[in-house]
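So the structure is just underneath, and the comments pick up after that.
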Number of protein chains: 2
Amino acid sequence: MKKPQSHPQFLSILFLPLLFLQPSGATADEGMWTLHGFPSSMVETRYDVKIGPEWLSNVQRSTARLDGGCTGSFASSQGLVLTNNHCTWSCIRDLSTEEKNLSDEGFLAATREDELKCPGARISVLHDAEEITEKVQAATEGMPEKMANEARKSLLSRLESECEANDGLSCESVNLYHGGQYFLYKYRRYDDVRLVFAPELAVAAFGGDPDNFNFPRWNLDMSFMRVYQDGKPAATPNFFPWYAPGAKDGDAVFISGHPGSTSRLETVTELAFRRSQALPLRLIMYSEYRGRMLEWARTSDEAARQVQQRILAVENAIKVWKSKLSSLMDEEQMGRKLLAENELRAAVMADPELAETYGNAWQDIERAITAFEGFYDQYSFIEARMGFQGKLYRLAHTLVRGTREIEKPNEKRLRAYRDTALPRVEQELFAATPEDPGYQELGLSFSLDKLREWLGPDNEVVKAVLGNESPRDLAHQLVSGTRLGDAAYRKELWEGGSAAVQASDDPLIMLARKVEPYAMELRSRYDNEVEAPLKQGSEMIAKARFAILGTNVYPDATFTLRVTYGAVDGWTEKGQQVSPFTQIGRAYERATGSDPFRLPDSWLEAKSRLNLDTPYNFSSTTDIVGGNSGSPVINARGELVGLAFDGNIHSIAGDFWFDERVNRTVSVHVAAMIEALNIVYGADHLIDELVIKP
Amino acid sequence: MKKPQSHPQFLSILFLPLLFLQPSGATADEGMWTLHGFPSSMVETRYDVKIGPEWLSNVQRSTARLDGGCTGSFASSQGLVLTNNHCTWSCIRDLSTEEKNLSDEGFLAATREDELKCPGARISVLHDAEEITEKVQAATEGMPEKMANEARKSLLSRLESECEANDGLSCESVNLYHGGQYFLYKYRRYDDVRLVFAPELAVAAFGGDPDNFNFPRWNLDMSFMRVYQDGKPAATPNFFPWYAPGAKDGDAVFISGHPGSTSRLETVTELAFRRSQALPLRLIMYSEYRGRMLEWARTSDEAARQVQQRILAVENAIKVWKSKLSSLMDEEQMGRKLLAENELRAAVMADPELAETYGNAWQDIERAITAFEGFYDQYSFIEARMGFQGKLYRLAHTLVRGTREIEKPNEKRLRAYRDTALPRVEQELFAATPEDPGYQELGLSFSLDKLREWLGPDNEVVKAVLGNESPRDLAHQLVSGTRLGDAAYRKELWEGGSAAVQASDDPLIMLARKVEPYAMELRSRYDNEVEAPLKQGSEMIAKARFAILGTNVYPDATFTLRVTYGAVDGWTEKGQQVSPFTQIGRAYERATGSDPFRLPDSWLEAKSRLNLDTPYNFSSTTDIVGGNSGSPVINARGELVGLAFDGNIHSIAGDFWFDERVNRTVSVHVAAMIEALNIVYGADHLIDELVIKP
């Protein structure tokens, strides 16, 4: 271990056994820090490196957010974006046809002209962040929770619109610490994103689901895209040079990116709800869907093509949920959570003023969760559309709900249809992406069946939706009868507004219209009975935590820009030390020739020319979660040394807590990317475009 | 409510808040009572009916146990057995062919000669029970747990063999109260079982999975079989006459049968293990399998035929596990369990003698569970064969292991191969049942894939089994290459003993040989590290419970004969009163024409001739679980008034506790069976054979 030993720092302001009452992340490589709250002094103490504002600013401008839930980093001044292969799957699928499967074959644009536009893709770069906590808190001061919840959402819609009008950027309000802080994040957005390079799926996802979340690993999970502006490669003066030797065992490394969500500040009540309802529902439901997709894929090559990456995505989700459920069943960890929560509550109750102001926060949350338990399945299947899967129904739903909503004043709308959200809504509605009707029918048929299973055949929505049809027959009629696969028809309906949508005889639109009143009722129950008390309680707890622990705490992940620090490091698994590096050569030994342990021909042919000792993947103690996929791993000089694509199996519990002993990030080593681009793919023009430091 | 109010009976021998320390079942319609421990006086108090030894003895001789996990009842003196349709599915499938699907068409033997033999079916009737607790306890007295565990199993094998030699009956040792009592149960066995009548699946399982475990219900889940002896219908002087009017709301009813297993006397540690590992594994695994079967069924009519009932069986299991998981997530119920356990422990610790003798029992169990957690997945997939699904591999395993085991002296063998178990082993090996190769390949391919998923691609068994093959390819090679579908070849191998099996080049035999050393190692770890301390701890707890609470407690279910009592009764669901009866007419209204809400043609044609007001299904407070399927519902006069086939959704938690407020048995009403036999099926000869009381 080359890192300095950590020193527990207990607070002593309270007369309590403060075993757990310490700022999270204070004593470990823990924390997904905002750039405005980055703990540079802690990093200096632990790793003896100085991280200054310039470094942070360059990292901010060099890090990209990909719609769909990933991160990327600029790799040149000409808009070249490095990300994971798995972050480009939907683009690759949209660009593939029955005849040409880019996923299997891989893709390399020989020239800029050959770069292929990804339908519907969008990339954003954080330009600026403005704190608006006081405005939000002033606007809701003293209001009852339901009114406060509405006022808060209205204000955020208004502030976003004003921001976009003033700054010419895309503005999103951001809620940190579950309501403890609010910001306006201002992004530069790129709507023209093109695919530049993608290796074959067989090497990008070598080992498939069996190896997913495992380490040692041998994956080239990389792609290049490029952002365009006005039809030309966008100028991106901030980017990361690549440091060819990479990082050594024990070196400090940093990861910038957009971790999607964590639940570390949630109460035990909220975690128990995930354990008892949210996770079992998902695991049971999507395990069946996985089985259906796997067998359906065998019915034809085209079916296989339509679902190959979707299967991997579902398998990934199942592994995540399974591991989360198992983590939340760990009585020791849950006991620790409960103890920490009880200590915070006791500290609040010990101070009359805090007790008066924040003492009821935990009951607010319990009330919200109890209410949600009463209609969670209905909410999930109907309003959250687990019972109506697939893009076609989503489009129908957007048309039905969206045309109604946009007739209201901006601040009265559901947040999904506020002015600042509309460009994204319209981008999806109008993009001419292929529809894969076989897959759409499979998904809709499956989910209608689950709708009936989970809500019961006597539920009124189930009866209204199915009538006398079987889920299978109904899905077939809907998918074969709808015109919503046609972007022009969608545009016509959207522009015709709610009158056009209400008059449409498209079967999917008719179904979405039938479901809408039930869905809206559930939405409103959720907003008033769940969201309102949850927001109120969470905001109070956040403030109580600030009051007692100060602000040296990082907020839960919210798919906004964060930086985490740590070191290249292995760990001890069942008594065995796991080395932090793998090499290219071992991939050839592991390859059996059968999927998913099959290397593509390009790699088999290149074997003799490759340096088989090149480092391939590596592990580090950095604290990341889903959403960090595609994140740059950088050194203290701000050079790229790797590409994060996964964590080990213990990283999944990172949703709830960070266990530095075993939680590891898994990344592609920079040397492996250079070696593959050079030797396997002959991508000299890309190598030339990169700034590679020897 | 027509039942007398229950009066809590608290024990006062201890200075403890004895809220939970009362004999289970003392104050409710709770309890799966043995015939030798039936609480007649309690029943008299609650229902004002006298249940004497003669009544019990007739019930014992009139109730049948079906191998495979069901119950039946004699319906005439000529061996006619009433059971559930779903208890005859494997027979129906074995008798069906690609051309003739008896499941869809139903079956009615016009004459005795037309009754079709069910391959491999076996029915047993309990003749006598002999207590051997003292012998077992004397044989293990003072031994360390591992030695005691082996000595106990040896003794039971020996006692069973001696019993069979003396009594000419089939003898099985039975462990009640988790080791608190031991018995030899002596059965009369029938190996020639024939199918007499089965309605169409569409009416037997009307509503399919969506309605399963629901009530109100409209299912004719009945079949008739007949036991034969020496090629002739067996004489069965004990049988139930049918009481045509059935039971009224509030009437006392009794159910005899073979509840499979419950966990009500298990410790909280054991229940927590089910919640955290056993149930999630099953739910995740079989939900995927369900999806695979559903899609595979669509590839051809023959595929659909092979899996139609198997899908229902898996769906049933998933619903059960899902509901069990949800029950064990109920913090209130689990808290109650923990409180009761803590009270029992405190009572033990408060008495120095009890504390000395039984005080460590709970730690023994914790030790066993902790050990099991360390290799549960390996044990499940390898030794319990979750990774090697299907009949063909099971046969290979039986041949590999069985031929080795039977070379040992009886008392040294694994219990599955002791002398008294061999007839059953050989019956399965030698029976010429169809093999459904498509389904076998599906199951093996699926489970090999899960073997790799759960144990990881680097597990040594996974590597030994798969080598460079994909699960799919390997399963195909194994199923298409094996000769184990041929009963003659199996017989040849079995009779050739281990020499023949070791020399065989059959690919499935070779695979089973490869797995066997790993499996045996896991078996032995399980026996020594899990079973031994679990048995020791459980036996101690049972004795402590007897010492403190007396023997007025019923044992957990063990697929041995029990009688439960209760009343015809509905319940209150979310504020709504559920009536205990449905009528035939409503089934026609519920029928949509699409599976699973489709009535068969025979019912559509008969509609005008049926009395639509005939009671169809009904609910009662009787305490049953899986294994009671096919149980007779009888009145205090010993007449049949119904046929139990299910419980409501709350009955599933009956594995862990009995909640009389909501736990209900669901049965087919006797009047509906008579009406259907008469009007829909014209089964006059069967009606004539029954003794029907008006």
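We name chains A, B, ... following the order of the structure tokens; residues begin at 1 in each chain, and ligands are numbered from 1 as shown.
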May I have the residues of chain A within 8 Å of chain B, counting only C-alpha atoms, written as JSON, numbers by chain?
{"A": [209, 210, 211, 276, 277, 283, 284, 285, 286, 287, 288, 289, 290, 291, 292, 293, 294, 295, 296, 299, 326, 329, 452, 453, 456, 457, 467, 468, 469, 470, 592, 593, 594, 595]}
File dump, residues just selected, C-alpha atoms, as a compact mmCIF listing (two decimals), in the first residue's frame:
```txt
# COMPACT_ATOMS: atom_id res chain seq x y z
CA ASP A 209 -22.16 -10.83 -18.67
CA PRO A 210 -20.08 -13.52 -16.92
CA ASP A 211 -17.12 -11.13 -16.64
CA SER A 276 -38.30 -4.84 0.13
CA GLN A 277 -40.05 -3.50 -2.95
CA LEU A 283 -35.10 -8.37 -10.44
CA ILE A 284 -38.13 -10.58 -10.92
CA MET A 285 -39.42 -8.58 -13.87
CA TYR A 286 -36.22 -8.14 -15.83
CA SER A 287 -34.90 -11.62 -15.20
CA GLU A 288 -37.91 -12.88 -17.08
CA TYR A 289 -37.37 -10.29 -19.81
CA ARG A 290 -33.79 -11.41 -20.13
CA GLY A 291 -34.97 -14.98 -20.68
CA ARG A 292 -37.49 -13.85 -23.26
CA MET A 293 -34.92 -11.81 -25.17
CA LEU A 294 -32.37 -14.62 -25.12
CA GLU A 295 -34.79 -17.12 -26.62
CA TRP A 296 -36.33 -14.64 -29.04
CA THR A 299 -35.47 -17.17 -33.80
CA SER A 326 -27.55 -8.52 -1.43
CA MET A 329 -29.45 -7.67 3.15
CA ARG A 452 -51.62 -7.86 -15.56
CA GLU A 453 -49.50 -10.06 -13.33
CA GLY A 456 -53.96 -8.42 -11.13
CA PRO A 457 -56.54 -9.18 -13.82
CA GLY A 467 -60.25 -5.94 -22.62
CA ASN A 468 -60.66 -9.43 -24.06
CA GLU A 469 -57.24 -9.51 -25.72
CA SER A 470 -54.21 -11.43 -24.62
CA THR A 592 -12.24 -19.99 -25.79
CA GLY A 593 -13.57 -19.14 -29.23
CA SER A 594 -17.18 -19.29 -27.97
CA ASP A 595 -19.17 -16.15 -27.18
```
Would you please work out which residue, of B:Asp104, B:Asp251, B:Asp301, B:Asp684, is nearest to B:Pro600 when using only C-alpha atoms?
B:Asp104
Would you mind writing down, as a VMD selection string, each residue of stretch 246-332 of chain A that DSSP on the backbone assigns to strand (DSSP E or B)?
chain A and resid 252 to 257
Go ahead and save the picked residues with C-alpha atoms, as a tab-separated table (two decimals), in the first residue's frame.
```
chain	number	residue	atom	x	y	z
A	252	ALA	CA	-2.80	9.03	-7.36
A	253	VAL	CA	-5.52	9.15	-10.03
A	254	PHE	CA	-8.60	11.27	-10.50
A	255	ILE	CA	-11.84	10.59	-12.31
A	256	SER	CA	-14.16	13.29	-13.55
A	257	GLY	CA	-17.62	12.43	-14.69
```
Residues near B:Met520, cut-off 12 Å, only C-alpha atoms, skip fewer than 2 positions along chain, as a PyMOL selection string
chain B and resi 378-379+382-385+397+400-401+404-405+414+512-518+522-527
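With distances restricted to only C-alpha atoms, A:Lys324 is the closest residue to A:His650 from A:Lys324, A:Arg264, A:Lys337, A:Arg61.
Taking only C-alpha atoms, the non-local environment of stretch 563-573 of chain A within 6 Å (same-chain residues fewer than 4 positions away omitted) comprises Asp29, Met32, Trp33, Asp249, Gly250, Asp251, Ala252, Val253, Phe254, Ile255, Ser256, Gln577, Val578, Ser579, Pro580, Ser619, Ser620, Thr621, Thr622, Asp623 and Val662 of chain A.
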Would you kindly return, as a short mmCIF file (atom, residue, chain, number, x, y, z; two decimals) with N, CA, C and O atoms, in the first residue's frame, each protein, DNA or RNA residue with an atom no farther than 12 Å from any atom of B:Leu159, considering only C-alpha atoms and excluding same-chain residues fewer than 4 positions away?
```cif
data_model
loop_
_atom_site.label_atom_id
_atom_site.label_comp_id
_atom_site.auth_asym_id
_atom_site.auth_seq_id
_atom_site.Cartn_x
_atom_site.Cartn_y
_atom_site.Cartn_z
N GLU B 130 -44.97 -45.59 14.30
CA GLU B 130 -44.34 -46.11 15.52
C GLU B 130 -43.32 -45.09 16.01
O GLU B 130 -42.42 -44.70 15.25
N GLU B 131 -43.43 -44.68 17.25
CA GLU B 131 -42.48 -43.68 17.73
C GLU B 131 -41.13 -44.33 18.06
O GLU B 131 -41.07 -45.39 18.69
N ILE B 132 -40.05 -43.69 17.60
CA ILE B 132 -38.70 -44.23 17.83
C ILE B 132 -37.78 -43.14 18.42
O ILE B 132 -36.56 -43.27 18.34
N THR B 133 -38.40 -42.13 19.01
CA THR B 133 -37.60 -41.02 19.53
C THR B 133 -36.52 -41.49 20.50
O THR B 133 -35.35 -41.08 20.39
N LYS B 135 -35.08 -44.38 20.84
CA LYS B 135 -33.99 -45.12 20.18
C LYS B 135 -33.01 -44.17 19.52
O LYS B 135 -31.79 -44.33 19.61
N VAL B 136 -33.55 -43.18 18.83
CA VAL B 136 -32.67 -42.25 18.12
C VAL B 136 -31.84 -41.43 19.11
O VAL B 136 -30.63 -41.26 18.94
N ALA B 139 -29.08 -43.42 20.67
CA ALA B 139 -27.97 -43.76 19.76
C ALA B 139 -27.01 -42.60 19.55
O ALA B 139 -25.90 -42.80 19.06
N ARG B 152 -27.09 -41.04 13.63
CA ARG B 152 -28.54 -40.90 13.49
C ARG B 152 -29.00 -41.42 12.13
O ARG B 152 -29.94 -42.21 12.03
N LYS B 153 -28.29 -41.01 11.10
CA LYS B 153 -28.70 -41.43 9.75
C LYS B 153 -28.53 -42.95 9.57
O LYS B 153 -29.38 -43.61 8.97
N SER B 154 -27.44 -43.49 10.12
CA SER B 154 -27.25 -44.94 10.03
C SER B 154 -28.38 -45.69 10.72
O SER B 154 -28.93 -46.65 10.18
N LEU B 155 -28.68 -45.24 11.92
CA LEU B 155 -29.73 -45.91 12.69
C LEU B 155 -31.05 -45.87 11.93
O LEU B 155 -31.77 -46.88 11.84
N CYS B 163 -37.93 -52.62 9.65
CA CYS B 163 -39.38 -52.44 9.61
C CYS B 163 -39.97 -53.05 8.35
O CYS B 163 -40.95 -53.78 8.39
N GLU B 164 -39.32 -52.82 7.23
CA GLU B 164 -39.85 -53.37 5.98
C GLU B 164 -39.78 -54.89 5.99
O GLU B 164 -40.69 -55.56 5.49
N ALA B 165 -38.70 -55.42 6.55
CA ALA B 165 -38.56 -56.87 6.61
C ALA B 165 -39.66 -57.48 7.48
O ALA B 165 -40.22 -58.52 7.16
N ASN B 166 -40.00 -56.79 8.58
CA ASN B 166 -40.99 -57.34 9.52
C ASN B 166 -42.42 -57.16 9.06
O ASN B 166 -43.26 -58.03 9.22
N ASP B 167 -42.71 -55.96 8.54
CA ASP B 167 -44.13 -55.61 8.38
C ASP B 167 -44.63 -55.72 6.95
O ASP B 167 -45.83 -55.58 6.71
N SER B 170 -44.01 -50.34 3.31
CA SER B 170 -42.91 -49.42 3.05
C SER B 170 -42.72 -48.57 4.29
O SER B 170 -43.68 -47.99 4.79
N CYS B 171 -41.49 -48.47 4.76
CA CYS B 171 -41.25 -47.77 6.00
C CYS B 171 -40.38 -46.54 5.76
O CYS B 171 -39.35 -46.62 5.08
N GLU B 172 -40.78 -45.43 6.36
CA GLU B 172 -40.01 -44.19 6.26
C GLU B 172 -39.85 -43.61 7.64
O GLU B 172 -40.83 -43.47 8.37
N SER B 173 -38.64 -43.23 7.97
CA SER B 173 -38.47 -42.54 9.24
C SER B 173 -38.90 -41.09 9.07
O SER B 173 -38.73 -40.50 8.00
N VAL B 174 -39.47 -40.56 10.11
CA VAL B 174 -40.04 -39.22 10.05
C VAL B 174 -39.52 -38.44 11.26
O VAL B 174 -39.52 -38.95 12.37
N TYR B 182 -39.05 -38.67 16.69
CA TYR B 182 -38.83 -39.50 15.50
C TYR B 182 -39.89 -40.60 15.45
O TYR B 182 -40.27 -41.14 16.49
N PHE B 183 -40.34 -40.89 14.24
CA PHE B 183 -41.31 -41.96 14.03
C PHE B 183 -40.89 -42.83 12.86
O PHE B 183 -40.15 -42.36 11.98
N LEU B 184 -41.39 -44.04 12.85
CA LEU B 184 -41.40 -44.83 11.62
C LEU B 184 -42.82 -44.79 11.09
O LEU B 184 -43.75 -45.19 11.79
N TYR B 185 -42.98 -44.26 9.90
CA TYR B 185 -44.30 -44.26 9.27
C TYR B 185 -44.31 -45.43 8.29
O TYR B 185 -43.39 -45.61 7.49
N LYS B 186 -45.39 -46.21 8.37
CA LYS B 186 -45.48 -47.43 7.57
C LYS B 186 -46.60 -47.27 6.55
O LYS B 186 -47.75 -47.02 6.92
N ASN B 410 -25.62 -50.93 3.68
CA ASN B 410 -26.81 -50.06 3.75
C ASN B 410 -26.63 -48.87 4.68
O ASN B 410 -26.93 -47.74 4.33
N GLU B 411 -26.12 -49.11 5.88
CA GLU B 411 -26.09 -48.04 6.87
C GLU B 411 -25.00 -47.01 6.61
O GLU B 411 -24.99 -45.95 7.23
N ARG B 418 -30.36 -45.73 0.42
CA ARG B 418 -30.54 -46.82 1.38
C ARG B 418 -31.53 -47.83 0.79
O ARG B 418 -32.29 -47.51 -0.13
N ASP B 419 -31.50 -49.03 1.32
CA ASP B 419 -32.32 -50.11 0.76
C ASP B 419 -33.78 -49.71 0.58
O ASP B 419 -34.39 -50.01 -0.46
N THR B 420 -34.32 -49.05 1.61
CA THR B 420 -35.76 -48.76 1.54
C THR B 420 -36.07 -47.70 0.48
O THR B 420 -37.22 -47.55 0.09
#
```
Please, what distance in Å, to one decimal, runs between atom CA of B:Gly69 and atom CA of B:Ala671?
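It comes out at 26.1 Å.
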Excluding stretch 191-199 of chain B and residues on its chain fewer than 6 positions from it, collect all residues at most 7 Å away from it, counting only C-alpha atoms, and give them as a VMD selection string.
chain B and resid 85 106 to 109 115 to 118 121 to 123 222 to 229
Residue neighbourhood B:Ser261, 7 Å, only C-alpha atoms, exclusion window fewer than 4 positions, as an MDAnalysis selection string:
chainID B and resid 556:559
Pull the alpha helix (DSSP H) assignments for stretch 465-650 of chain B out of DSSP run on the backbone, and list those residues as JSON, numbers by chain.
{"B": [465, 466, 471, 472, 473, 474, 475, 476, 477, 478, 479, 480, 481, 487, 488, 489, 490, 491, 492, 493, 494, 495, 496, 497, 498, 499, 500, 501, 502, 503, 507, 508, 509, 510, 511, 512, 513, 514, 515, 516, 517, 518, 519, 520, 521, 522, 523, 524, 525, 532, 533, 534, 535, 536, 537, 538, 539, 540, 541, 542, 543, 544, 545, 546, 547, 548, 549, 584, 585, 586, 587, 588, 589, 590, 601, 602, 603, 604, 605, 606]}
